[in-house]
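Here is coords.csv, consisting of CSV, N, CA, C and O atoms:
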```
chain,number,residue,atom,x,y,z
A,1,MET,N,-22.2,6.1,15.8
A,1,MET,CA,-21.0,5.3,15.6
A,1,MET,C,-19.9,6.1,15.0
A,1,MET,O,-20.1,7.0,14.1
A,2,THR,N,-18.7,5.9,15.4
A,2,THR,CA,-17.6,6.7,15.0
A,2,THR,C,-17.1,6.2,13.6
A,2,THR,O,-17.0,5.0,13.4
A,3,GLU,N,-16.8,7.1,12.7
A,3,GLU,CA,-16.4,6.8,11.4
A,3,GLU,C,-14.9,6.4,11.4
A,3,GLU,O,-14.1,7.1,12.1
A,4,LEU,N,-14.5,5.3,10.7
A,4,LEU,CA,-13.2,4.9,10.7
A,4,LEU,C,-12.3,5.9,9.9
A,4,LEU,O,-12.8,6.4,8.9
A,5,PRO,N,-11.1,6.1,10.3
A,5,PRO,CA,-10.2,6.9,9.5
A,5,PRO,C,-9.9,6.3,8.1
A,5,PRO,O,-9.9,5.1,8.0
A,6,ARG,N,-9.8,7.2,7.1
A,6,ARG,CA,-9.6,6.7,5.8
A,6,ARG,C,-8.1,6.8,5.5
A,6,ARG,O,-7.4,7.7,6.0
A,7,TYR,N,-7.6,5.9,4.7
A,7,TYR,CA,-6.2,5.9,4.2
A,7,TYR,C,-6.0,7.1,3.4
A,7,TYR,O,-6.8,7.6,2.7
A,8,GLU,N,-4.7,7.5,3.4
A,8,GLU,CA,-4.3,8.7,2.6
A,8,GLU,C,-4.6,8.5,1.1
A,8,GLU,O,-5.0,9.4,0.4
A,9,TYR,N,-4.3,7.3,0.6
A,9,TYR,CA,-4.5,7.0,-0.8
A,9,TYR,C,-6.0,7.1,-1.2
A,9,TYR,O,-6.3,7.6,-2.3
A,10,VAL,N,-6.9,6.8,-0.3
A,10,VAL,CA,-8.3,6.9,-0.6
A,10,VAL,C,-8.7,8.3,-0.6
A,10,VAL,O,-9.5,8.8,-1.4
A,11,LYS,N,-8.1,9.1,0.3
A,11,LYS,CA,-8.4,10.6,0.4
A,11,LYS,C,-8.0,11.2,-0.9
A,11,LYS,O,-8.7,12.0,-1.5
A,12,LEU,N,-6.8,10.8,-1.4
A,12,LEU,CA,-6.2,11.4,-2.6
A,12,LEU,C,-7.1,11.0,-3.8
A,12,LEU,O,-7.4,11.8,-4.7
A,13,ALA,N,-7.5,9.7,-3.9
A,13,ALA,CA,-8.3,9.2,-5.0
A,13,ALA,C,-9.6,9.9,-5.0
A,13,ALA,O,-10.1,10.3,-6.0
A,14,ASP,N,-10.2,10.2,-3.8
A,14,ASP,CA,-11.5,10.9,-3.7
A,14,ASP,C,-11.3,12.3,-4.2
A,14,ASP,O,-12.2,12.9,-4.8
A,15,ALA,N,-10.2,13.0,-3.8
A,15,ALA,CA,-10.0,14.4,-4.3
A,15,ALA,C,-9.8,14.4,-5.8
A,15,ALA,O,-10.4,15.3,-6.4
A,16,ILE,N,-9.1,13.5,-6.4
A,16,ILE,CA,-9.0,13.5,-7.8
A,16,ILE,C,-10.3,13.2,-8.5
A,16,ILE,O,-10.7,13.8,-9.5
A,17,ALA,N,-11.1,12.2,-7.9
A,17,ALA,CA,-12.4,11.9,-8.4
A,17,ALA,C,-13.3,13.1,-8.4
A,17,ALA,O,-14.1,13.4,-9.3
A,18,ALA,N,-13.2,13.9,-7.3
A,18,ALA,CA,-14.0,15.2,-7.2
A,18,ALA,C,-13.6,16.1,-8.3
A,18,ALA,O,-14.5,16.8,-8.9
A,19,ASP,N,-12.3,16.2,-8.6
A,19,ASP,CA,-11.9,17.1,-9.7
A,19,ASP,C,-12.4,16.6,-11.1
A,19,ASP,O,-12.7,17.4,-11.9
A,20,ILE,N,-12.5,15.3,-11.2
A,20,ILE,CA,-13.0,14.8,-12.5
A,20,ILE,C,-14.5,15.1,-12.5
A,20,ILE,O,-15.0,15.5,-13.6
A,21,ALA,N,-15.3,14.9,-11.4
A,21,ALA,CA,-16.7,15.1,-11.4
A,21,ALA,C,-17.0,16.6,-11.7
A,21,ALA,O,-18.0,16.9,-12.3
A,22,SER,N,-16.2,17.5,-11.2
A,22,SER,CA,-16.4,18.9,-11.3
A,22,SER,C,-16.1,19.5,-12.7
A,22,SER,O,-16.4,20.6,-13.0
A,23,GLY,N,-15.3,18.7,-13.4
A,23,GLY,CA,-14.9,19.1,-14.8
A,23,GLY,C,-13.5,19.8,-14.7
A,23,GLY,O,-13.0,20.2,-15.8
A,24,LYS,N,-12.9,19.9,-13.6
A,24,LYS,CA,-11.6,20.4,-13.5
A,24,LYS,C,-10.6,19.5,-14.2
A,24,LYS,O,-9.6,20.0,-14.8
A,25,LEU,N,-10.8,18.2,-14.2
A,25,LEU,CA,-10.1,17.3,-15.0
A,25,LEU,C,-11.1,16.6,-16.0
A,25,LEU,O,-11.7,15.6,-15.6
A,26,PRO,N,-11.3,17.2,-17.1
A,26,PRO,CA,-12.3,16.6,-18.1
A,26,PRO,C,-11.8,15.3,-18.7
A,26,PRO,O,-10.6,14.9,-18.6
A,27,GLN,N,-12.7,14.6,-19.3
A,27,GLN,CA,-12.4,13.3,-20.0
A,27,GLN,C,-11.3,13.6,-21.0
A,27,GLN,O,-11.4,14.6,-21.8
A,28,GLY,N,-10.3,12.7,-21.0
A,28,GLY,CA,-9.2,12.9,-22.0
A,28,GLY,C,-8.0,13.6,-21.4
A,28,GLY,O,-6.9,13.6,-21.9
A,29,ALA,N,-8.2,14.3,-20.2
A,29,ALA,CA,-7.2,15.1,-19.6
A,29,ALA,C,-6.1,14.1,-19.0
A,29,ALA,O,-6.5,13.1,-18.5
A,30,ALA,N,-4.9,14.6,-19.1
A,30,ALA,CA,-3.8,13.8,-18.4
A,30,ALA,C,-3.6,14.2,-17.0
A,30,ALA,O,-3.7,15.4,-16.7
A,31,LEU,N,-3.5,13.2,-16.1
A,31,LEU,CA,-3.1,13.5,-14.7
A,31,LEU,C,-1.7,14.0,-14.7
A,31,LEU,O,-0.9,13.5,-15.5
A,32,PRO,N,-1.3,14.8,-13.7
A,32,PRO,CA,0.1,15.1,-13.5
A,32,PRO,C,0.9,13.8,-13.3
A,32,PRO,O,0.4,12.8,-12.9
A,33,GLY,N,2.2,13.8,-13.6
A,33,GLY,CA,3.1,12.7,-13.3
A,33,GLY,C,3.1,12.4,-11.8
A,33,GLY,O,2.8,13.2,-11.0
A,34,GLU,N,3.6,11.2,-11.5
A,34,GLU,CA,3.7,10.7,-10.2
A,34,GLU,C,4.5,11.7,-9.3
A,34,GLU,O,4.1,12.1,-8.2
A,35,ARG,N,5.7,12.1,-9.8
A,35,ARG,CA,6.5,13.0,-8.9
A,35,ARG,C,5.8,14.3,-8.8
A,35,ARG,O,5.9,14.9,-7.7
A,36,ALA,N,5.2,14.8,-9.8
A,36,ALA,CA,4.5,16.1,-9.7
A,36,ALA,C,3.3,16.0,-8.7
A,36,ALA,O,3.1,16.9,-7.9
A,37,MET,N,2.6,14.9,-8.7
A,37,MET,CA,1.5,14.7,-7.7
A,37,MET,C,2.0,14.6,-6.3
A,37,MET,O,1.4,15.0,-5.3
A,38,THR,N,3.3,14.0,-6.1
A,38,THR,CA,3.8,13.9,-4.7
A,38,THR,C,4.0,15.3,-4.1
A,38,THR,O,3.7,15.6,-3.0
A,39,GLU,N,4.5,16.3,-5.0
A,39,GLU,CA,4.7,17.6,-4.6
A,39,GLU,C,3.3,18.4,-4.5
A,39,GLU,O,3.1,19.1,-3.5
A,40,LEU,N,2.5,18.2,-5.4
A,40,LEU,CA,1.2,18.9,-5.5
A,40,LEU,C,0.3,18.6,-4.3
A,40,LEU,O,-0.3,19.4,-3.7
A,41,TYR,N,0.3,17.3,-3.9
A,41,TYR,CA,-0.6,16.8,-2.8
A,41,TYR,C,0.1,16.5,-1.5
A,41,TYR,O,-0.5,16.1,-0.5
A,42,SER,N,1.5,16.7,-1.5
A,42,SER,CA,2.3,16.5,-0.3
A,42,SER,C,2.1,15.1,0.3
A,42,SER,O,1.8,14.9,1.5
A,43,VAL,N,2.2,14.1,-0.6
A,43,VAL,CA,2.1,12.7,-0.2
A,43,VAL,C,3.3,12.0,-0.8
A,43,VAL,O,4.0,12.5,-1.6
A,44,SER,N,3.5,10.7,-0.3
A,44,SER,CA,4.6,9.9,-0.9
A,44,SER,C,4.2,9.3,-2.2
A,44,SER,O,3.0,9.3,-2.6
A,45,ILE,N,5.2,8.9,-2.9
A,45,ILE,CA,5.0,8.3,-4.3
A,45,ILE,C,4.2,7.0,-4.2
A,45,ILE,O,3.4,6.7,-5.0
A,46,GLY,N,4.3,6.3,-3.1
A,46,GLY,CA,3.5,5.1,-2.8
A,46,GLY,C,2.1,5.4,-2.7
A,46,GLY,O,1.2,4.7,-3.2
A,47,THR,N,1.8,6.5,-2.0
A,47,THR,CA,0.4,7.0,-1.9
A,47,THR,C,-0.2,7.3,-3.2
A,47,THR,O,-1.3,7.0,-3.6
A,48,VAL,N,0.6,8.0,-4.0
A,48,VAL,CA,0.1,8.4,-5.4
A,48,VAL,C,-0.2,7.2,-6.2
A,48,VAL,O,-1.2,7.1,-6.9
A,49,ARG,N,0.7,6.2,-6.2
A,49,ARG,CA,0.5,5.0,-7.0
A,49,ARG,C,-0.7,4.2,-6.5
A,49,ARG,O,-1.4,3.7,-7.4
A,50,ARG,N,-0.9,4.1,-5.2
A,50,ARG,CA,-2.1,3.4,-4.8
A,50,ARG,C,-3.4,4.2,-5.1
A,50,ARG,O,-4.4,3.6,-5.4
A,51,ALA,N,-3.3,5.5,-5.1
A,51,ALA,CA,-4.5,6.3,-5.4
A,51,ALA,C,-4.8,6.2,-6.9
A,51,ALA,O,-6.0,6.0,-7.3
A,52,VAL,N,-3.8,6.1,-7.8
A,52,VAL,CA,-4.1,5.9,-9.2
A,52,VAL,C,-4.6,4.5,-9.4
A,52,VAL,O,-5.6,4.4,-10.2
A,53,LEU,N,-4.1,3.5,-8.7
A,53,LEU,CA,-4.7,2.2,-8.8
A,53,LEU,C,-6.1,2.2,-8.4
A,53,LEU,O,-7.0,1.6,-9.1
A,54,GLU,N,-6.5,2.9,-7.3
A,54,GLU,CA,-7.9,3.0,-6.9
A,54,GLU,C,-8.7,3.7,-8.0
A,54,GLU,O,-9.8,3.2,-8.2
A,55,LEU,N,-8.2,4.7,-8.6
A,55,LEU,CA,-9.0,5.4,-9.6
A,55,LEU,C,-9.2,4.5,-10.8
A,55,LEU,O,-10.2,4.5,-11.5
A,56,ARG,N,-8.2,3.6,-11.1
A,56,ARG,CA,-8.3,2.7,-12.2
A,56,ARG,C,-9.4,1.6,-11.9
A,56,ARG,O,-10.2,1.3,-12.7
A,57,LYS,N,-9.4,1.2,-10.6
A,57,LYS,CA,-10.5,0.2,-10.2
A,57,LYS,C,-11.8,0.8,-10.3
A,57,LYS,O,-12.8,0.1,-10.6
A,58,ARG,N,-12.0,2.1,-10.1
A,58,ARG,CA,-13.2,2.8,-10.2
A,58,ARG,C,-13.6,3.1,-11.6
A,58,ARG,O,-14.7,3.6,-11.9
A,59,GLY,N,-12.7,2.9,-12.5
A,59,GLY,CA,-13.0,3.1,-13.9
A,59,GLY,C,-12.9,4.6,-14.4
A,59,GLY,O,-13.5,5.0,-15.4
A,60,LEU,N,-12.2,5.4,-13.6
A,60,LEU,CA,-12.1,6.8,-13.9
A,60,LEU,C,-10.9,7.2,-14.7
A,60,LEU,O,-10.9,8.2,-15.4
A,61,VAL,N,-9.8,6.4,-14.6
A,61,VAL,CA,-8.6,6.7,-15.4
A,61,VAL,C,-8.0,5.4,-16.0
A,61,VAL,O,-8.4,4.3,-15.6
A,62,ALA,N,-7.2,5.6,-17.0
A,62,ALA,CA,-6.4,4.5,-17.6
A,62,ALA,C,-5.0,5.0,-17.7
A,62,ALA,O,-4.7,6.2,-18.0
A,63,THR,N,-4.1,4.1,-17.5
A,63,THR,CA,-2.6,4.4,-17.6
A,63,THR,C,-2.1,3.7,-18.8
A,63,THR,O,-2.2,2.5,-19.0
A,64,LEU,N,-1.4,4.5,-19.6
A,64,LEU,CA,-0.7,4.0,-20.8
A,64,LEU,C,0.8,4.0,-20.5
A,64,LEU,O,1.3,5.0,-20.2
A,65,PRO,N,1.4,2.8,-20.6
A,65,PRO,CA,2.8,2.7,-20.2
A,65,PRO,C,3.7,3.8,-21.0
A,65,PRO,O,3.5,3.9,-22.3
A,66,ALA,N,4.5,4.5,-20.4
A,66,ALA,CA,5.4,5.5,-20.9
A,66,ALA,C,4.6,6.7,-21.5
A,66,ALA,O,5.2,7.5,-22.2
A,67,LYS,N,3.3,6.7,-21.3
A,67,LYS,CA,2.5,7.9,-21.9
A,67,LYS,C,1.9,8.7,-20.8
A,67,LYS,O,1.8,9.9,-20.9
A,68,GLY,N,1.4,8.0,-19.7
A,68,GLY,CA,0.8,8.8,-18.6
A,68,GLY,C,-0.6,8.2,-18.3
A,68,GLY,O,-1.0,7.1,-18.8
A,69,THR,N,-1.3,8.9,-17.4
A,69,THR,CA,-2.6,8.4,-16.9
A,69,THR,C,-3.6,9.5,-17.3
A,69,THR,O,-3.4,10.7,-17.1
A,70,TYR,N,-4.7,9.0,-17.9
A,70,TYR,CA,-5.7,9.9,-18.5
A,70,TYR,C,-7.1,9.6,-17.9
A,70,TYR,O,-7.4,8.4,-17.6
A,71,VAL,N,-7.9,10.6,-17.9
A,71,VAL,CA,-9.3,10.5,-17.4
A,71,VAL,C,-10.1,9.8,-18.5
A,71,VAL,O,-10.0,10.2,-19.7
A,72,ILE,N,-10.8,8.8,-18.2
A,72,ILE,CA,-11.6,8.1,-19.2
A,72,ILE,C,-13.1,8.0,-18.8
A,72,ILE,O,-13.9,7.6,-19.6
A,73,GLY,N,-13.4,8.4,-17.6
A,73,GLY,CA,-14.8,8.3,-17.2
A,73,GLY,C,-15.2,9.3,-16.1
A,73,GLY,O,-14.3,10.0,-15.6
A,74,LEU,N,-16.5,9.3,-15.7
A,74,LEU,CA,-17.0,10.1,-14.6
A,74,LEU,C,-17.3,9.2,-13.4
A,74,LEU,O,-17.7,8.1,-13.6
A,75,PRO,N,-17.3,9.8,-12.2
A,75,PRO,CA,-17.6,9.0,-11.0
A,75,PRO,C,-19.1,8.6,-11.1
A,75,PRO,O,-19.9,9.3,-11.6
A,76,ASP,N,-19.4,7.4,-10.6
A,76,ASP,CA,-20.7,6.9,-10.5
A,76,ASP,C,-21.4,7.5,-9.3
A,76,ASP,O,-20.9,7.3,-8.2
A,77,GLU,N,-22.5,8.2,-9.5
A,77,GLU,CA,-23.1,8.9,-8.4
A,77,GLU,C,-23.6,8.0,-7.3
A,77,GLU,O,-23.8,8.4,-6.2
A,78,SER,N,-23.8,6.7,-7.6
A,78,SER,CA,-24.3,5.8,-6.6
A,78,SER,C,-23.2,5.3,-5.7
A,78,SER,O,-23.5,4.7,-4.6
A,79,GLU,N,-21.9,5.6,-6.0
A,79,GLU,CA,-20.8,5.1,-5.1
A,79,GLU,C,-20.7,6.1,-3.9
A,79,GLU,O,-20.7,7.3,-4.1
A,80,PRO,N,-20.6,5.6,-2.7
A,80,PRO,CA,-20.5,6.5,-1.6
A,80,PRO,C,-19.2,7.3,-1.6
A,80,PRO,O,-19.2,8.4,-1.0
A,81,ASN,N,-18.1,6.8,-2.2
A,81,ASN,CA,-16.8,7.5,-2.1
A,81,ASN,C,-16.6,8.5,-3.3
A,81,ASN,O,-15.7,9.2,-3.4
A,82,ALA,N,-17.5,8.5,-4.2
A,82,ALA,CA,-17.4,9.3,-5.4
A,82,ALA,C,-17.8,10.7,-5.2
A,82,ALA,O,-18.5,11.1,-4.4
```
Translate this structure into structure tokens?
Amino acid sequence: MTELPRYEYVKLADAIAADIASGKLPQGAALPGERAMTELYSVSIGTVRRAVLELRKRGLVATLPAKGTYVIGLPDESEPNA
């Protein structure tokens, strides 16, 4: 069976989750700002926002208004996308 293409925001969320799992982004680390991530990953700001929302749903990051987005957890190994 052919695998369905993944949305760009899911790919970005998976890449950031991999950085969290590897320790490149340790617990308590701040993610780059939205505009910095658009340049870093060559994606639109909408893609960055949806990826951060996806990471929040997975329980990996928390966003504090006017402060930034921080790593709060590690990926669950049982999740297929983690």
inquiry  = From a backbone DSSP assignment, name each residue in chain A labelled strand (DSSP E), as a VMD selection string.
reply    = chain A and resid 61 to 64 68 to 71
Just the selected residues (N, CA, C and O atoms), exported as a PDB file, in the coordinates of the input, please.
```pdb
ATOM      1  N   VAL A  61      -9.800   6.400 -14.600  1.00  0.00           N
ATOM      2  CA  VAL A  61      -8.600   6.700 -15.400  1.00  0.00           C
ATOM      3  C   VAL A  61      -8.000   5.400 -16.000  1.00  0.00           C
ATOM      4  O   VAL A  61      -8.400   4.300 -15.600  1.00  0.00           O
ATOM      5  N   ALA A  62      -7.200   5.600 -17.000  1.00  0.00           N
ATOM      6  CA  ALA A  62      -6.400   4.500 -17.600  1.00  0.00           C
ATOM      7  C   ALA A  62      -5.000   5.000 -17.700  1.00  0.00           C
ATOM      8  O   ALA A  62      -4.700   6.200 -18.000  1.00  0.00           O
ATOM      9  N   THR A  63      -4.100   4.100 -17.500  1.00  0.00           N
ATOM     10  CA  THR A  63      -2.600   4.400 -17.600  1.00  0.00           C
ATOM     11  C   THR A  63      -2.100   3.700 -18.800  1.00  0.00           C
ATOM     12  O   THR A  63      -2.200   2.500 -19.000  1.00  0.00           O
ATOM     13  N   LEU A  64      -1.400   4.500 -19.600  1.00  0.00           N
ATOM     14  CA  LEU A  64      -0.700   4.000 -20.800  1.00  0.00           C
ATOM     15  C   LEU A  64       0.800   4.000 -20.500  1.00  0.00           C
ATOM     16  O   LEU A  64       1.300   5.000 -20.200  1.00  0.00           O
ATOM     17  N   GLY A  68       1.400   8.000 -19.700  1.00  0.00           N
ATOM     18  CA  GLY A  68       0.800   8.800 -18.600  1.00  0.00           C
ATOM     19  C   GLY A  68      -0.600   8.200 -18.300  1.00  0.00           C
ATOM     20  O   GLY A  68      -1.000   7.100 -18.800  1.00  0.00           O
ATOM     21  N   THR A  69      -1.300   8.900 -17.400  1.00  0.00           N
ATOM     22  CA  THR A  69      -2.600   8.400 -16.900  1.00  0.00           C
ATOM     23  C   THR A  69      -3.600   9.500 -17.300  1.00  0.00           C
ATOM     24  O   THR A  69      -3.400  10.700 -17.100  1.00  0.00           O
ATOM     25  N   TYR A  70      -4.700   9.000 -17.900  1.00  0.00           N
ATOM     26  CA  TYR A  70      -5.700   9.900 -18.500  1.00  0.00           C
ATOM     27  C   TYR A  70      -7.100   9.600 -17.900  1.00  0.00           C
ATOM     28  O   TYR A  70      -7.400   8.400 -17.600  1.00  0.00           O
ATOM     29  N   VAL A  71      -7.900  10.600 -17.900  1.00  0.00           N
ATOM     30  CA  VAL A  71      -9.300  10.500 -17.400  1.00  0.00           C
ATOM     31  C   VAL A  71     -10.100   9.800 -18.500  1.00  0.00           C
ATOM     32  O   VAL A  71     -10.000  10.200 -19.700  1.00  0.00           O
TER      33      VAL A  71
END
```
request  = Step one, run DSSP on the backbone; step two, keep only residues of chain A assigned to helix (DSSP H, G or I); then write them as a PyMOL selection string.
outcome  = chain A and resi 8-22+34-41+45-57
Within 8 Å of region 1-18 of chain A, counting only C-alpha atoms, which residues qualify if same-chain residues fewer than 4 places away don't, as a PDB file with N, CA, C and O atoms, keeping the file's coordinate frame?
```pdb
ATOM      1  N   SER A  22     -16.200  17.500 -11.200  1.00  0.00           N
ATOM      2  CA  SER A  22     -16.400  18.900 -11.300  1.00  0.00           C
ATOM      3  C   SER A  22     -16.100  19.500 -12.700  1.00  0.00           C
ATOM      4  O   SER A  22     -16.400  20.600 -13.000  1.00  0.00           O
ATOM      5  N   TYR A  41       0.300  17.300  -3.900  1.00  0.00           N
ATOM      6  CA  TYR A  41      -0.600  16.800  -2.800  1.00  0.00           C
ATOM      7  C   TYR A  41       0.100  16.500  -1.500  1.00  0.00           C
ATOM      8  O   TYR A  41      -0.500  16.100  -0.500  1.00  0.00           O
ATOM      9  N   THR A  47       1.800   6.500  -2.000  1.00  0.00           N
ATOM     10  CA  THR A  47       0.400   7.000  -1.900  1.00  0.00           C
ATOM     11  C   THR A  47      -0.200   7.300  -3.200  1.00  0.00           C
ATOM     12  O   THR A  47      -1.300   7.000  -3.600  1.00  0.00           O
ATOM     13  N   VAL A  48       0.600   8.000  -4.000  1.00  0.00           N
ATOM     14  CA  VAL A  48       0.100   8.400  -5.400  1.00  0.00           C
ATOM     15  C   VAL A  48      -0.200   7.200  -6.200  1.00  0.00           C
ATOM     16  O   VAL A  48      -1.200   7.100  -6.900  1.00  0.00           O
ATOM     17  N   ARG A  50      -0.900   4.100  -5.200  1.00  0.00           N
ATOM     18  CA  ARG A  50      -2.100   3.400  -4.800  1.00  0.00           C
ATOM     19  C   ARG A  50      -3.400   4.200  -5.100  1.00  0.00           C
ATOM     20  O   ARG A  50      -4.400   3.600  -5.400  1.00  0.00           O
ATOM     21  N   ALA A  51      -3.300   5.500  -5.100  1.00  0.00           N
ATOM     22  CA  ALA A  51      -4.500   6.300  -5.400  1.00  0.00           C
ATOM     23  C   ALA A  51      -4.800   6.200  -6.900  1.00  0.00           C
ATOM     24  O   ALA A  51      -6.000   6.000  -7.300  1.00  0.00           O
ATOM     25  N   VAL A  52      -3.800   6.100  -7.800  1.00  0.00           N
ATOM     26  CA  VAL A  52      -4.100   5.900  -9.200  1.00  0.00           C
ATOM     27  C   VAL A  52      -4.600   4.500  -9.400  1.00  0.00           C
ATOM     28  O   VAL A  52      -5.600   4.400 -10.200  1.00  0.00           O
ATOM     29  N   GLU A  54      -6.500   2.900  -7.300  1.00  0.00           N
ATOM     30  CA  GLU A  54      -7.900   3.000  -6.900  1.00  0.00           C
ATOM     31  C   GLU A  54      -8.700   3.700  -8.000  1.00  0.00           C
ATOM     32  O   GLU A  54      -9.800   3.200  -8.200  1.00  0.00           O
ATOM     33  N   LEU A  55      -8.200   4.700  -8.600  1.00  0.00           N
ATOM     34  CA  LEU A  55      -9.000   5.400  -9.600  1.00  0.00           C
ATOM     35  C   LEU A  55      -9.200   4.500 -10.800  1.00  0.00           C
ATOM     36  O   LEU A  55     -10.200   4.500 -11.500  1.00  0.00           O
ATOM     37  N   LEU A  60     -12.200   5.400 -13.600  1.00  0.00           N
ATOM     38  CA  LEU A  60     -12.100   6.800 -13.900  1.00  0.00           C
ATOM     39  C   LEU A  60     -10.900   7.200 -14.700  1.00  0.00           C
ATOM     40  O   LEU A  60     -10.900   8.200 -15.400  1.00  0.00           O
ATOM     41  N   LEU A  74     -16.500   9.300 -15.700  1.00  0.00           N
ATOM     42  CA  LEU A  74     -17.000  10.100 -14.600  1.00  0.00           C
ATOM     43  C   LEU A  74     -17.300   9.200 -13.400  1.00  0.00           C
ATOM     44  O   LEU A  74     -17.700   8.100 -13.600  1.00  0.00           O
ATOM     45  N   PRO A  75     -17.300   9.800 -12.200  1.00  0.00           N
ATOM     46  CA  PRO A  75     -17.600   9.000 -11.000  1.00  0.00           C
ATOM     47  C   PRO A  75     -19.100   8.600 -11.100  1.00  0.00           C
ATOM     48  O   PRO A  75     -19.900   9.300 -11.600  1.00  0.00           O
ATOM     49  N   ASN A  81     -18.100   6.800  -2.200  1.00  0.00           N
ATOM     50  CA  ASN A  81     -16.800   7.500  -2.100  1.00  0.00           C
ATOM     51  C   ASN A  81     -16.600   8.500  -3.300  1.00  0.00           C
ATOM     52  O   ASN A  81     -15.700   9.200  -3.400  1.00  0.00           O
ATOM     53  N   ALA A  82     -17.500   8.500  -4.200  1.00  0.00           N
ATOM     54  CA  ALA A  82     -17.400   9.300  -5.400  1.00  0.00           C
ATOM     55  C   ALA A  82     -17.800  10.700  -5.200  1.00  0.00           C
ATOM     56  O   ALA A  82     -18.500  11.100  -4.400  1.00  0.00           O
TER      57      ALA A  82
END
```
query = Nearest to Ile72 (chain A) among A:Glu39, A:Ile45, A:Ala21, A:Pro26, with distances taken over only C-alpha atoms: which residue is it?
reply =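 Under the stated criterion, the closest residue is A:Pro26.
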Interatomic distance (Å, one decimal) between atom N of Asp76 (chain A) and atom C of Ser44 (chain A) =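 Computed distance, atom N of Asp76 (chain A) to atom C of Ser44 (chain A), equals 25.1 Å.
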inquiry  = If I take atom O of Gly23 (chain A) and CA of Leu53 (chain A), how far is one from the other in Å, to one decimal?
reply    =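 Between atom O of Gly23 (chain A) and CA of Leu53 (chain A) the gap is 21.0 Å.
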CA of Ala29 (chain A) to CA of Val71 (chain A), straight-line distance in Å =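 Here the two named atoms are 5.5 Å from each other.
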Write out as CSV the residues of region 32-51 of chain A that have any atom within 10 Å of an atom of region 67-70 of chain A, one row each with the nearest atom pair and its distance in Å to one decimal, counting only C-alpha atoms, sorted by chain and then rising number.
```
residue,atom,partner,partner_atom,distance
A:Pro32,CA,A:Thr69,CA,8.0
A:Gly33,CA,A:Gly68,CA,7.0
A:Glu34,CA,A:Gly68,CA,9.1
```
